[in-house]
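Quick look at start28.cif (mmCIF, C-alpha atoms (C1' of nucleotides)):
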data_work
#
loop_
_atom_site.label_atom_id
_atom_site.label_comp_id
_atom_site.auth_asym_id
_atom_site.auth_seq_id
_atom_site.Cartn_x
_atom_site.Cartn_y
_atom_site.Cartn_z
CA MET A 9 193.09 10.58 99.87
CA SER A 10 195.21 8.35 102.05
CA SER A 11 197.55 5.89 100.37
CA ASN A 12 197.51 3.36 103.21
CA ILE A 13 196.82 -0.13 101.84
CA PHE A 14 194.14 -0.67 104.52
CA SER A 15 192.24 2.58 103.88
CA GLN A 16 190.10 0.88 101.21
CA TYR A 17 189.04 -1.70 103.80
CA LEU A 18 187.98 1.01 106.23
CA GLN A 19 186.03 2.97 103.62
CA LYS A 20 184.08 -0.08 102.43
CA GLU A 21 180.46 -0.19 103.56
CA ASN A 22 179.95 -2.69 106.31
CA ILE A 23 177.61 -5.65 106.11
CA PHE A 24 178.19 -6.70 109.74
CA LYS A 25 177.06 -4.73 112.74
CA ASN A 26 178.63 -7.02 115.33
CA LYS A 27 180.21 -10.22 114.09
CA ASN A 28 180.66 -11.60 117.63
CA CYS A 29 176.90 -12.17 117.81
CA LEU A 30 177.28 -14.73 115.05
CA THR A 31 179.70 -17.02 116.87
CA ALA A 32 178.70 -20.07 118.88
CA SER A 33 180.47 -18.75 121.98
CA PHE A 34 178.33 -15.59 122.15
CA VAL A 35 175.76 -15.75 124.93
CA PRO A 36 172.69 -13.69 123.97
CA GLY A 37 170.42 -12.01 126.51
CA LYS A 38 167.68 -14.50 125.79
CA ILE A 39 168.05 -18.10 124.63
CA ARG A 40 165.22 -19.01 122.28
CA HIS A 41 163.44 -22.38 122.32
CA ARG A 42 165.31 -23.60 125.37
CA GLU A 43 163.10 -22.08 128.04
CA GLN A 44 162.10 -25.44 129.48
CA GLU A 45 165.62 -26.84 129.68
CA ILE A 46 166.94 -23.62 131.22
CA GLN A 47 164.14 -23.80 133.75
CA GLN A 48 165.10 -27.39 134.62
CA LEU A 49 168.78 -26.55 135.04
CA SER A 50 168.12 -23.49 137.15
CA ALA A 51 165.76 -25.52 139.33
CA VAL A 52 168.59 -27.95 140.04
CA LEU A 53 171.09 -25.21 140.86
CA ALA A 54 168.76 -22.77 142.62
CA PRO A 55 169.04 -24.33 146.11
CA VAL A 56 172.56 -22.90 146.27
CA LEU A 57 171.02 -19.46 146.70
CA LYS A 58 169.38 -20.58 149.93
CA GLY A 59 172.52 -22.14 151.25
CA TYR A 60 171.78 -25.74 150.23
CA TYR A 61 174.04 -27.92 148.15
CA PRO A 62 172.74 -28.45 144.61
CA ASN A 63 172.76 -31.93 143.05
CA ASN A 64 175.12 -32.93 140.32
CA VAL A 65 173.52 -32.68 136.91
CA PHE A 66 174.26 -34.09 133.47
CA ILE A 67 173.12 -32.34 130.32
CA TYR A 68 172.66 -34.61 127.33
CA GLY A 69 172.04 -33.64 123.72
CA THR A 70 173.61 -33.87 120.27
CA CYS A 71 175.91 -31.25 118.79
CA GLY A 72 174.56 -27.70 118.52
CA THR A 73 171.39 -28.23 120.57
CA GLY A 74 172.17 -25.30 122.86
CA LYS A 75 173.58 -27.23 125.84
CA THR A 76 176.69 -25.12 126.34
CA ILE A 77 175.04 -21.79 125.68
CA SER A 78 172.16 -22.60 128.04
CA ALA A 79 174.53 -23.75 130.76
CA ARG A 80 176.62 -20.62 130.40
CA PHE A 81 173.51 -18.49 130.40
CA VAL A 82 172.27 -20.09 133.62
CA ALA A 83 175.77 -19.68 135.09
CA SER A 84 175.87 -15.97 134.30
CA GLN A 85 172.38 -15.43 135.73
CA LEU A 86 173.30 -17.34 138.85
CA MET A 87 176.49 -15.36 139.30
CA SER A 88 174.74 -12.03 138.92
CA ILE A 89 171.95 -12.80 141.40
CA SER A 90 174.38 -14.28 143.91
CA SER A 91 176.62 -11.21 143.78
CA GLU A 92 173.55 -8.98 144.27
CA ASN A 93 172.77 -10.98 147.41
CA LYS A 94 176.44 -11.03 148.40
CA GLN A 95 176.53 -14.83 148.32
CA LYS A 96 179.73 -16.65 147.53
CA ILE A 97 179.41 -19.02 144.61
CA LYS A 98 182.16 -19.97 142.22
CA ILE A 99 181.44 -21.37 138.77
CA ILE A 100 184.22 -22.86 136.67
CA TYR A 101 183.71 -23.81 133.04
CA VAL A 102 186.17 -26.19 131.36
CA ASN A 103 185.97 -27.73 127.92
CA CYS A 104 187.39 -31.25 128.22
CA LYS A 105 188.06 -31.46 124.50
CA MET A 106 190.79 -28.83 124.66
CA LYS A 107 193.89 -30.78 123.66
CA LYS A 108 196.88 -30.38 125.99
CA ILE A 109 194.70 -28.33 128.37
CA ALA A 110 191.99 -30.54 129.76
CA ASP A 111 192.32 -33.93 128.06
CA THR A 112 193.84 -35.95 130.92
CA GLU A 113 193.02 -36.32 134.60
CA TYR A 114 196.12 -34.35 135.60
CA ARG A 115 195.40 -31.57 133.13
CA ILE A 116 191.76 -31.18 134.13
CA VAL A 117 192.63 -30.72 137.82
CA ALA A 118 195.49 -28.40 136.85
CA GLN A 119 193.09 -26.34 134.73
CA LEU A 120 190.59 -26.11 137.59
CA LEU A 121 193.36 -24.89 139.88
CA LYS A 122 194.38 -22.28 137.31
CA GLU A 123 190.77 -21.10 137.18
CA LEU A 124 190.93 -20.67 140.95
CA GLY A 125 194.03 -18.53 140.55
CA GLU A 126 196.65 -21.06 141.56
CA HIS A 127 199.51 -21.80 139.20
CA VAL A 128 200.57 -25.42 138.84
CA PRO A 129 203.27 -26.88 136.57
CA ASP A 130 202.24 -28.80 133.43
CA THR A 131 203.97 -31.91 134.69
CA GLY A 132 206.01 -33.14 137.61
CA LEU A 133 203.43 -33.24 140.38
CA PRO A 134 201.65 -36.42 141.45
CA THR A 135 197.96 -36.28 140.52
CA ASN A 136 196.91 -36.85 144.13
CA VAL A 137 198.92 -33.78 145.16
CA LEU A 138 197.01 -31.79 142.58
CA TYR A 139 193.71 -33.06 143.96
CA ARG A 140 194.81 -32.12 147.46
CA LYS A 141 195.80 -28.63 146.37
CA PHE A 142 192.47 -28.22 144.63
CA PHE A 143 190.42 -29.30 147.62
CA GLU A 144 192.46 -27.18 149.99
CA ARG A 145 191.85 -24.23 147.72
CA VAL A 146 188.12 -24.89 147.51
CA GLU A 147 187.90 -25.36 151.28
CA LYS A 148 189.76 -22.09 151.77
CA ILE A 149 187.37 -20.21 149.49
CA GLY A 150 184.54 -21.67 151.56
CA CYS A 151 181.64 -21.72 149.14
CA THR A 152 179.83 -23.93 146.64
CA VAL A 153 181.94 -24.47 143.55
CA ILE A 154 180.02 -25.47 140.44
CA ILE A 155 182.27 -27.20 137.94
CA MET A 156 180.91 -27.25 134.40
CA LEU A 157 182.68 -29.92 132.38
CA ASP A 158 181.79 -29.52 128.72
CA GLU A 159 182.28 -32.45 126.32
CA ILE A 160 182.93 -34.62 129.34
CA ASP A 161 182.43 -37.79 127.26
CA THR A 162 185.74 -37.16 125.46
CA LEU A 163 187.59 -37.14 128.74
CA ILE A 164 185.77 -40.15 130.17
CA LYS A 165 186.50 -42.17 127.04
CA LYS A 166 190.18 -41.34 127.41
CA VAL A 167 190.84 -41.61 131.13
CA GLY A 168 187.80 -43.37 132.57
CA ASP A 169 185.27 -42.07 135.08
CA GLU A 170 187.39 -42.42 138.22
CA PHE A 171 188.02 -38.67 138.45
CA LEU A 172 184.28 -37.99 138.82
CA TYR A 173 184.28 -40.28 141.83
CA ASN A 174 187.21 -38.36 143.34
CA PHE A 175 185.34 -35.07 143.05
CA THR A 176 182.15 -36.36 144.60
CA ARG A 177 183.83 -38.32 147.37
CA ILE A 178 185.68 -35.29 148.66
CA ASN A 179 182.40 -33.54 149.46
CA GLN A 180 182.09 -35.80 152.49
CA GLU A 181 185.38 -34.48 153.86
CA MET A 182 184.82 -30.77 153.33
CA LYS A 183 183.30 -28.64 156.04
CA ASN A 184 182.87 -25.18 154.51
CA SER A 185 182.57 -25.97 150.83
CA HIS A 186 180.83 -28.16 148.33
CA ILE A 187 181.51 -29.20 144.77
CA THR A 188 178.70 -29.65 142.26
CA ILE A 189 179.42 -31.17 138.87
CA VAL A 190 177.55 -30.09 135.76
CA GLY A 191 178.52 -32.54 133.00
CA ILE A 192 177.72 -31.59 129.42
CA THR A 193 177.87 -34.33 126.80
CA ASN A 194 176.96 -35.27 123.23
CA ASP A 195 176.94 -38.93 124.16
CA LEU A 196 173.41 -39.91 125.11
CA THR A 197 174.52 -43.32 126.37
CA LEU A 198 177.28 -42.00 128.63
CA ARG A 199 175.54 -42.72 131.90
CA ASN A 200 174.99 -46.39 131.09
CA ASN A 201 178.73 -46.91 130.88
CA PHE A 202 179.52 -45.38 134.27
CA ASP A 203 181.13 -47.55 136.89
CA LEU A 204 178.50 -48.53 139.50
CA ARG A 205 180.46 -46.79 142.23
CA VAL A 206 180.54 -43.57 140.21
CA LYS A 207 176.86 -43.88 139.36
CA SER A 208 175.82 -44.09 142.99
CA SER A 209 178.18 -41.41 144.26
CA LEU A 210 177.12 -38.99 141.51
CA SER A 211 173.39 -39.50 142.09
CA GLU A 212 172.92 -36.90 139.43
CA GLU A 213 169.94 -35.37 137.68
CA GLU A 214 169.55 -35.48 133.92
CA ILE A 215 168.41 -32.90 131.40
CA LEU A 216 167.91 -33.81 127.76
CA PHE A 217 168.26 -31.25 124.96
CA LYS A 218 166.32 -32.19 121.83
CA PRO A 219 167.52 -31.06 118.39
CA TYR A 220 166.07 -27.84 116.96
CA ASN A 221 163.78 -28.08 113.95
CA ALA A 222 164.13 -25.82 110.90
CA THR A 223 161.54 -23.31 112.11
CA GLN A 224 163.24 -22.92 115.47
CA LEU A 225 166.62 -22.59 113.78
CA LYS A 226 165.29 -19.83 111.54
CA ASP A 227 163.92 -18.07 114.58
CA ILE A 228 167.29 -18.19 116.27
CA LEU A 229 169.03 -16.96 113.13
CA MET A 230 166.61 -14.06 112.70
CA GLU A 231 167.37 -12.86 116.19
CA ARG A 232 171.11 -13.03 115.58
CA VAL A 233 170.76 -11.33 112.19
CA SER A 234 169.14 -8.32 113.83
CA GLN A 235 172.05 -8.07 116.26
CA GLY A 236 174.90 -9.08 113.99
CA PHE A 237 174.08 -7.69 110.55
CA MET A 238 173.22 -4.21 109.26
CA PRO A 239 169.52 -3.84 108.31
CA ASN A 240 168.38 -5.46 105.06
CA THR A 241 171.67 -7.18 104.33
CA VAL A 242 170.47 -10.78 104.64
CA ASP A 243 168.07 -12.25 102.12
CA ASP A 244 165.26 -14.43 103.44
CA THR A 245 166.25 -17.28 101.09
CA ALA A 246 169.70 -17.27 102.65
CA LEU A 247 168.19 -17.64 106.11
CA ASN A 248 165.96 -20.48 104.98
CA LYS A 249 168.88 -22.25 103.42
CA CYS A 250 171.02 -21.96 106.57
CA ALA A 251 168.17 -23.27 108.71
CA ALA A 252 167.39 -26.13 106.31
CA LEU A 253 171.00 -27.27 105.99
CA ALA A 254 171.52 -27.18 109.75
CA ALA A 255 168.23 -28.97 110.38
CA GLN A 256 169.46 -31.76 108.14
CA GLU A 257 172.53 -32.03 110.33
CA HIS A 258 170.51 -33.12 113.37
CA GLY A 259 169.27 -29.60 114.18
CA ASP A 260 172.69 -28.12 114.80
CA ALA A 261 172.37 -24.41 115.66
CA ARG A 262 176.12 -23.94 115.73
CA ARG A 263 176.24 -25.11 112.14
CA ALA A 264 173.46 -22.68 111.19
CA LEU A 265 175.35 -19.77 112.77
CA ASP A 266 178.63 -20.73 111.13
CA LEU A 267 176.91 -20.93 107.76
CA LEU A 268 175.37 -17.51 108.22
CA ARG A 269 178.56 -15.86 109.42
CA VAL A 270 180.77 -17.33 106.71
CA ALA A 271 178.13 -16.53 104.07
CA GLY A 272 178.29 -12.93 105.30
CA GLU A 273 182.06 -12.95 105.00
CA MET A 274 181.76 -14.31 101.47
CA ALA A 275 179.39 -11.52 100.48
CA GLU A 276 181.62 -8.93 102.13
CA ARG A 277 184.69 -10.20 100.32
CA MET A 278 182.82 -10.04 97.02
CA ALA A 279 181.78 -6.47 97.90
CA VAL A 280 178.08 -7.43 97.74
CA MET A 281 175.75 -5.80 100.26
CA VAL A 282 173.17 -8.60 100.49
CA VAL A 283 173.82 -12.17 101.62
CA THR A 284 172.01 -14.62 99.34
CA GLU A 285 171.46 -18.35 99.02
CA ASN A 286 174.54 -18.60 96.78
CA HIS A 287 176.76 -17.27 99.53
CA VAL A 288 175.39 -19.94 101.86
CA ASP A 289 176.28 -22.65 99.34
CA MET A 290 179.79 -21.27 99.12
CA ALA A 291 179.98 -21.02 102.90
CA GLU A 292 178.98 -24.66 103.29
CA GLN A 293 181.93 -25.79 101.17
CA LYS A 294 184.39 -23.46 102.84
CA ILE A 295 183.43 -24.50 106.37
CA ASP A 296 183.88 -28.18 105.59
CA ILE A 297 187.23 -27.65 103.91
CA ASP A 298 188.53 -25.42 106.71
CA ARG A 299 187.36 -27.71 109.49
CA VAL A 300 189.05 -30.79 108.05
CA THR A 301 192.28 -29.12 106.93
CA GLU A 302 192.70 -27.36 110.25
CA THR A 303 192.16 -30.62 112.12
CA ILE A 304 194.74 -32.40 109.99
CA LYS A 305 197.27 -29.59 110.23
CA ALA A 306 196.98 -29.77 114.02
CA GLN A 307 197.88 -33.48 114.08
CA PRO A 308 201.39 -34.64 114.96
CA MET A 309 203.64 -35.40 112.02
CA GLN A 310 203.46 -39.18 112.49
CA SER A 311 199.69 -39.06 112.37
CA GLN A 312 199.85 -37.03 109.16
CA ALA A 313 202.23 -39.61 107.67
CA VAL A 314 199.74 -42.38 108.49
CA LEU A 315 196.92 -40.42 106.86
CA TYR A 316 199.07 -39.75 103.80
CA SER A 317 199.78 -43.47 103.59
CA ILE A 318 196.03 -44.22 103.71
CA ILE A 319 195.38 -41.72 100.92
CA LYS A 320 198.18 -43.19 98.78
CA VAL A 321 196.92 -46.75 99.29
CA ALA A 322 193.41 -45.58 98.38
CA GLU A 323 194.75 -44.01 95.18
CA LYS A 324 196.60 -47.18 94.24
CA LEU A 325 193.51 -49.29 94.79
CA LYS A 326 191.35 -46.98 92.67
CA SER A 327 192.43 -48.77 89.51
CA GLN A 328 191.28 -52.16 90.87
CA LYS A 329 188.19 -53.48 89.15
CA THR A 330 186.14 -55.13 91.87
CA TRP A 331 184.87 -53.48 95.00
CA THR A 332 186.49 -56.11 97.25
CA ASP A 333 189.92 -55.32 95.80
CA LYS A 334 189.49 -51.64 96.67
CA ARG A 335 189.41 -52.16 100.41
CA ILE A 336 192.17 -50.70 102.58
CA PHE A 337 193.66 -52.74 105.44
CA THR A 338 196.04 -51.95 108.28
CA GLY A 339 198.83 -54.07 106.78
CA ASP A 340 198.90 -52.13 103.49
CA VAL A 341 198.79 -48.81 105.32
CA PHE A 342 201.68 -49.77 107.58
CA GLU A 343 203.82 -51.00 104.67
CA ASN A 344 203.24 -47.77 102.79
CA TYR A 345 203.81 -45.71 105.93
CA ILE A 346 207.26 -47.30 106.36
CA SER A 347 208.27 -46.28 102.84
CA ILE A 348 207.00 -42.72 103.41
CA CYS A 349 209.13 -42.56 106.56
CA GLU A 350 212.19 -43.89 104.74
CA LYS A 351 211.82 -41.31 101.95
CA ASN A 352 211.53 -38.49 104.47
CA GLY A 353 214.14 -39.66 106.94
CA ILE A 354 211.52 -40.11 109.66
CA LYS A 355 212.02 -42.80 112.29
CA PRO A 356 208.97 -45.05 111.80
CA LEU A 357 206.76 -46.02 114.70
CA THR A 358 205.84 -49.63 115.40
CA GLN A 359 202.75 -51.26 113.93
CA ARG A 360 201.23 -51.28 117.41
CA ARG A 361 201.49 -47.52 117.66
CA VAL A 362 200.35 -46.96 114.06
CA SER A 363 197.32 -49.05 114.92
CA ASP A 364 196.51 -46.58 117.70
CA LEU A 365 197.03 -43.63 115.35
CA ILE A 366 194.57 -45.21 112.90
CA GLY A 367 192.14 -45.40 115.80
CA GLU A 368 192.67 -41.71 116.53
CA LEU A 369 192.04 -40.74 112.90
CA ASP A 370 188.86 -42.76 113.14
CA MET A 371 187.83 -40.80 116.25
CA LEU A 372 188.31 -37.59 114.26
CA SER A 373 185.99 -38.96 111.54
CA ILE A 374 188.67 -38.44 108.92
CA ILE A 375 188.55 -42.16 108.27
CA ALA A 376 186.16 -44.92 109.30
CA ALA A 377 187.96 -48.00 110.57
CA LYS A 378 186.10 -51.19 111.34
CA VAL A 379 187.62 -54.38 112.70
CA ILE A 380 186.81 -57.23 110.35
CA SER A 381 187.93 -60.79 109.84
CA LYS A 382 189.18 -62.05 106.51
CA GLY A 383 189.04 -65.62 107.74
CA ARG A 384 192.40 -67.21 107.04
CA GLY A 385 193.51 -63.77 105.91
CA GLY A 386 193.41 -62.78 109.56
CA ARG A 387 191.74 -60.07 111.57
CA THR A 388 192.42 -56.51 110.58
CA ARG A 389 190.83 -53.10 110.27
CA GLU A 390 189.03 -52.16 107.11
CA ILE A 391 189.61 -48.47 106.52
CA ILE A 392 187.42 -46.10 104.52
CA LEU A 393 188.52 -42.54 103.77
CA MET A 394 185.72 -40.25 104.91
CA ILE A 395 186.97 -37.17 103.07
CA THR A 396 186.27 -36.74 99.36
CA GLY A 397 186.15 -34.18 96.56
CA ASN A 398 187.55 -30.70 97.17
CA ILE A 399 188.40 -31.45 100.78
CA LEU A 400 190.43 -34.51 99.85
CA GLU A 401 192.19 -32.52 97.14
CA ARG A 402 193.14 -29.79 99.59
CA VAL A 403 194.30 -32.26 102.24
CA THR A 404 196.32 -34.28 99.73
CA GLY A 405 197.97 -31.07 98.53
CA PHE A 406 199.01 -30.23 102.06
CA LEU A 407 200.36 -33.74 102.70
CA ILE A 408 202.29 -33.81 99.41
CA ASP A 409 203.98 -30.54 100.40
CA ARG A 410 204.86 -32.14 103.68
CA PHE A 411 206.10 -35.54 102.52
CA GLU A 412 207.27 -35.19 98.90
CA GLU A 413 209.94 -32.70 98.13
"C1'" DA B 10 186.02 -79.71 114.43
"C1'" DG B 11 190.34 -77.97 114.27
"C1'" DT B 12 193.78 -74.93 112.19
"C1'" DC B 13 195.68 -70.72 111.03
"C1'" DC B 14 196.21 -66.00 109.62
"C1'" DA B 15 197.01 -61.02 110.56
"C1'" DC B 16 196.19 -58.37 113.07
"C1'" DA B 17 193.52 -55.94 117.56
"C1'" DG B 18 194.37 -54.39 121.73
"C1'" DG B 19 195.85 -55.03 126.85
"C1'" DA B 20 199.80 -54.80 130.07
"C1'" DA B 21 204.18 -53.58 131.42
"C1'" DG B 22 208.00 -50.97 131.12
"C1'" DG B 23 211.58 -47.55 129.02
"C1'" DG B 24 212.94 -42.87 127.90
"C1'" DC B 25 212.12 -38.18 128.23
"C1'" DA B 26 211.03 -33.62 130.08
"C1'" DG B 27 209.95 -31.51 134.00
"C1'" DG B 28 208.89 -30.45 139.25
"C1'" DC B 29 209.74 -31.08 144.22
"C1'" DG B 30 212.17 -31.42 148.51
"C1'" DA B 31 216.33 -32.31 151.03
"C1'" DT C 2 222.70 -30.56 142.88
"C1'" DC C 3 220.64 -34.99 143.29
"C1'" DG C 4 217.36 -38.57 143.87
"C1'" DC C 5 212.86 -39.46 143.23
"C1'" DC C 6 208.56 -38.57 141.58
"C1'" DT C 7 205.14 -37.51 137.68
"C1'" DG C 8 202.58 -37.64 132.88
"C1'" DC C 9 203.12 -38.71 128.23
"C1'" DC C 10 204.57 -41.14 124.21
"C1'" DC C 11 206.27 -45.00 122.64
"C1'" DT C 12 208.01 -50.05 122.30
"C1'" DT C 13 207.90 -54.82 123.45
"C1'" DC C 14 205.57 -58.74 124.54
"C1'" DC C 15 201.73 -61.06 124.79
"C1'" DT C 16 196.93 -63.10 124.44
"C1'" DG C 17 192.65 -63.05 122.02
"C1'" DT C 18 189.78 -63.61 117.98
"C1'" DG C 19 186.34 -64.12 113.54
"C1'" DG C 20 185.87 -66.74 109.99
"C1'" DA C 21 187.91 -69.04 105.58
"C1'" DC C 22 190.16 -73.07 104.81
"C1'" DT C 23 191.32 -78.10 105.56
#

What would you get if you wrote out this structure as C-alpha cells?
Amino acid sequence: MSSNIFSQYLQKENIFKNKNCLTASFVPGKIRHREQEIQQLSAVLAPVLKGYYPNNVFIYGTCGTGKTISARFVASQLMSISSENKQKIKIIYVNCKMKKIADTEYRIVAQLLKELGEHVPDTGLPTNVLYRKFFERVEKIGCTVIIMLDEIDTLIKKVGDEFLYNFTRINQEMKNSHITIVGITNDLTLRNNFDLRVKSSLSEEEILFKPYNATQLKDILMERVSQGFMPNTVDDTALNKCAALAAQEHGDARRALDLLRVAGEMAERMAVMVVTENHVDMAEQKIDIDRVTETIKAQPMQSQAVLYSIIKVAEKLKSQKTWTDKRIFTGDVFENYISICEKNGIKPLTQRRVSDLIGELDMLSIIAAKVISKGRGGRTREIILMITGNILERVTGFLIDRFEE
DNA sequence: AGTCCACAGGAAGGGCAGGCGA
DNA sequence: TCGCCTGCCCTTCCTGTGGACT
C-alpha cells in the first residue's frame, strides 16, 4: 500500500466520467432545442462558402439561453466545412467582458490582433495605429474574417458604439478581405441605443434566443449527464431540481449546468456515489457564495473599501426604528469611507471618484443604487445592499480581514 | 413661485507607465 | 536617450436637478 497522501484520492471510485462536459464552455456535438436559431445563424453566414460577404448579425437573448454555445457551434461547423473545401475563412471569438483584455476600444483591437498572431503592446500605441495594423493584417490574409464579439453590450456601455462603425466602414476600403461582425448580447434593447450612423452602416440581421423552459433544461441536463457522469450516479430528483431552479432564473442553462456540476462535486467530496436533491440545495448556496466573493476579491482595494463602508453604514442603521431611517446615502458612505482609509493609512479618493465606484458596485449587482431627491436634503443615491445571509457574512469576514487588523 | 440642498455626473486636465521613432 | 504619443485612473471644476421648504 502506497503512503502517498494523494493515493486515497486516486483509489476512490469516480462519480464523474468527464467533468468538462458539465461546464458552460463545452461545445457538445449537438445543441438541443436551438435548432431553429442555429439554422438562422448559419443561413446568415453561409454565403461566405460561395464567396459572398455575409451580413453582420446580432444575437439577442438573456443569460444562459445558448447564444454563445450556438455561435461557437456554428463557427466550428463553418470552419470544418471551409477547410474541407480549402476555403479561407477566419473566425475570431472575443469576450468583451474580460477585464483588462477586451474592455476598452484599444484592448479589443489589440486582442483581435493577438488572435491574428500579431503581438501589440498593452499601451503606448495610438488606437488608430492599432486599427491600421489590424486592417493591414486582415487585407494581407485576404479572406472573410468573422469577428464574434460576446457580451458586446458591456463594451458599448463603456466606450460607445463608435468602434463598430470603424469596423464596418473599413470594408469599403478593402479589396481582398471582408469583416463580418457577430455581436452577442444579453441586452435586448441594445440596438435601439445605437447611433444612427452605426445603425445604418451595420445593417445587421437579428436573431432572438428565447429562454429555455424546465422541460428543455432537463433534456439538456440528461444529455450532459450521460456524457459527464458515470451511469446511475445522478438521481432523477436532483435533475428535476436543477432544471426547476434554473427555469426560475429566466431559463438559464448555464446555471443548471453549474448546479449539476457542483452538486456532483459535493457528493464526491462526501464520498457518496449518487447525486441527490440535497446536493443540489448545497450546490445552490455554494455557487452564490463563490460567485460574489470571487467578484469582490477581484475588485481594486479602493472599491473594496467603499463596499466595506456601505456594509458598516448598513450595520449602524440596523438599530434604527423606522424604515426611512435605515436608508443608506452617498454622503454617509463617503464619510465612513474616509475614516476606513485613515485607519488603514490609505490615501482616500475624492467623493467624485467614490461616486463612480458606487456606480460600478451597482453594475456588479452587489448593491442597488438609485438616484433620489430628498427635497431640501438634496439629490443623492439611495443604496441598498443586495447581498444577505451567508454571502454577506462571508464577504464581511473577508473585508474585516482586509481593513481591521 | 422661488429657494436651496447635496449630491449626480460631464468635461478637462494631470500624473503615470509604457511604446515608438529619430 | 529624448521628445512625443497613448490609455488609464484620478482630481478639479463645474453645471444640472428633484422636490421639500419658505

8 Å contact set for region 19-22 of chain C, all atoms listed in the file, chain neighbours under 5 positions out, as a ChimeraX atom specification: /A:380-385,387

Near-DT13 (chain C) list (10 Å; all atoms listed in the file; drop same-chain fewer than 4 positions) as a ChimeraX atom specification: /A:358,360 /B:21-23

So that I can see what lies close to Lys148 (chain A), please list as a ChimeraX atom specification the residues with an atom at most 12 Å from it, counting only C-alpha atoms (C1' of nucleotides) and leaving out residues fewer than 4 positions away in the same chain. /A:124,141-144,152-153,182-186

If you take only C-alpha atoms (C1' of nucleotides) and a cut-off of 10 Å, which residues of chain B touch chain A, and what are their nearest atom pairs and distances in Å to one decimal, in chain and number order, as a tab-separated table?
residue	atom	partner	partner_atom	distance
B:DT12	C1'	A:Arg384	CA	9.4
B:DC13	C1'	A:Arg384	CA	6.2
B:DC14	C1'	A:Gly386	CA	4.3
B:DA15	C1'	A:Gly386	CA	4.1
B:DC16	C1'	A:Thr388	CA	4.9
B:DA17	C1'	A:Thr388	CA	7.1
B:DG18	C1'	A:Arg360	CA	8.7
B:DA26	C1'	A:Thr131	CA	8.6
B:DG27	C1'	A:Gly132	CA	5.6
B:DG28	C1'	A:Gly132	CA	4.3
B:DC29	C1'	A:Leu133	CA	7.7

Hey, can you spit out that residue selection with C-alpha atoms (C1' of nucleotides) as a PDB file, keeping the file's coordinate frame?
ATOM      1  C1'  DT B  12     193.780 -74.930 112.190  1.00  0.00           C
ATOM      2  C1'  DC B  13     195.680 -70.720 111.030  1.00  0.00           C
ATOM      3  C1'  DC B  14     196.210 -66.000 109.620  1.00  0.00           C
ATOM      4  C1'  DA B  15     197.010 -61.020 110.560  1.00  0.00           C
ATOM      5  C1'  DC B  16     196.190 -58.370 113.070  1.00  0.00           C
ATOM      6  C1'  DA B  17     193.520 -55.940 117.560  1.00  0.00           C
ATOM      7  C1'  DG B  18     194.370 -54.390 121.730  1.00  0.00           C
ATOM      8  C1'  DA B  26     211.030 -33.620 130.080  1.00  0.00           C
ATOM      9  C1'  DG B  27     209.950 -31.510 134.000  1.00  0.00           C
ATOM     10  C1'  DG B  28     208.890 -30.450 139.250  1.00  0.00           C
ATOM     11  C1'  DC B  29     209.740 -31.080 144.220  1.00  0.00           C
TER      12       DC B  29
END

Picked residues, the PyMOL selection byres ((chain A and resi 292-295) around 12), expected as a PyMOL selection string: chain A and resi 246+249-250+253-254+262-274+285-291+296-302+396-399+402

A:Val362, A:Met156, A:Leu120, A:Ile375: which is nearest chain C, counting all atoms listed in the file?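 Closest to chain C, using all atoms listed in the file: A:Val362.
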
Nearest residue to chain C out of A:Phe411, A:Tyr114, A:Tyr345, A:Tyr60, using only C-alpha atoms (C1' of nucleotides)? A:Tyr114

For each of A:Asp243, A:Thr135, A:Leu198, A:Gln85, take the minimum atom-to-atom distance to chain C, counting only C-alpha atoms (C1' of nucleotides), then give the residue where this is smallest. A:Thr135

Report as number ranges by chain the residues that result from applying the PyMOL selection byres ((chain A and resi 39) around 12) to the structure here. A: 34-38, 40-47, 73-82, 224-225, 227-229, 231-232, 261

Polymer residues at most 10 Å from Phe406 (chain A), only C-alpha atoms (C1' of nucleotides), same-chain spacing of 2 or more positions, as a ChimeraX atom specification: /A:301,304-305,312,316,400-404,408-411

Build an axis-aligned box that encloses every atom of region 20-26 of chain B listed in the file, pad it by 3 Å on each side, and report its centre and edge lengths in Å to one decimal, as AutoDock Vina command-line options.
--center_x 206.4 --center_y -44.2 --center_z 129.7 --size_x 19.1 --size_y 27.2 --size_z 9.5

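Interatomic distance, CA of Gly150 (chain A) against CA of Val117 (chain A): 18.3 Å.
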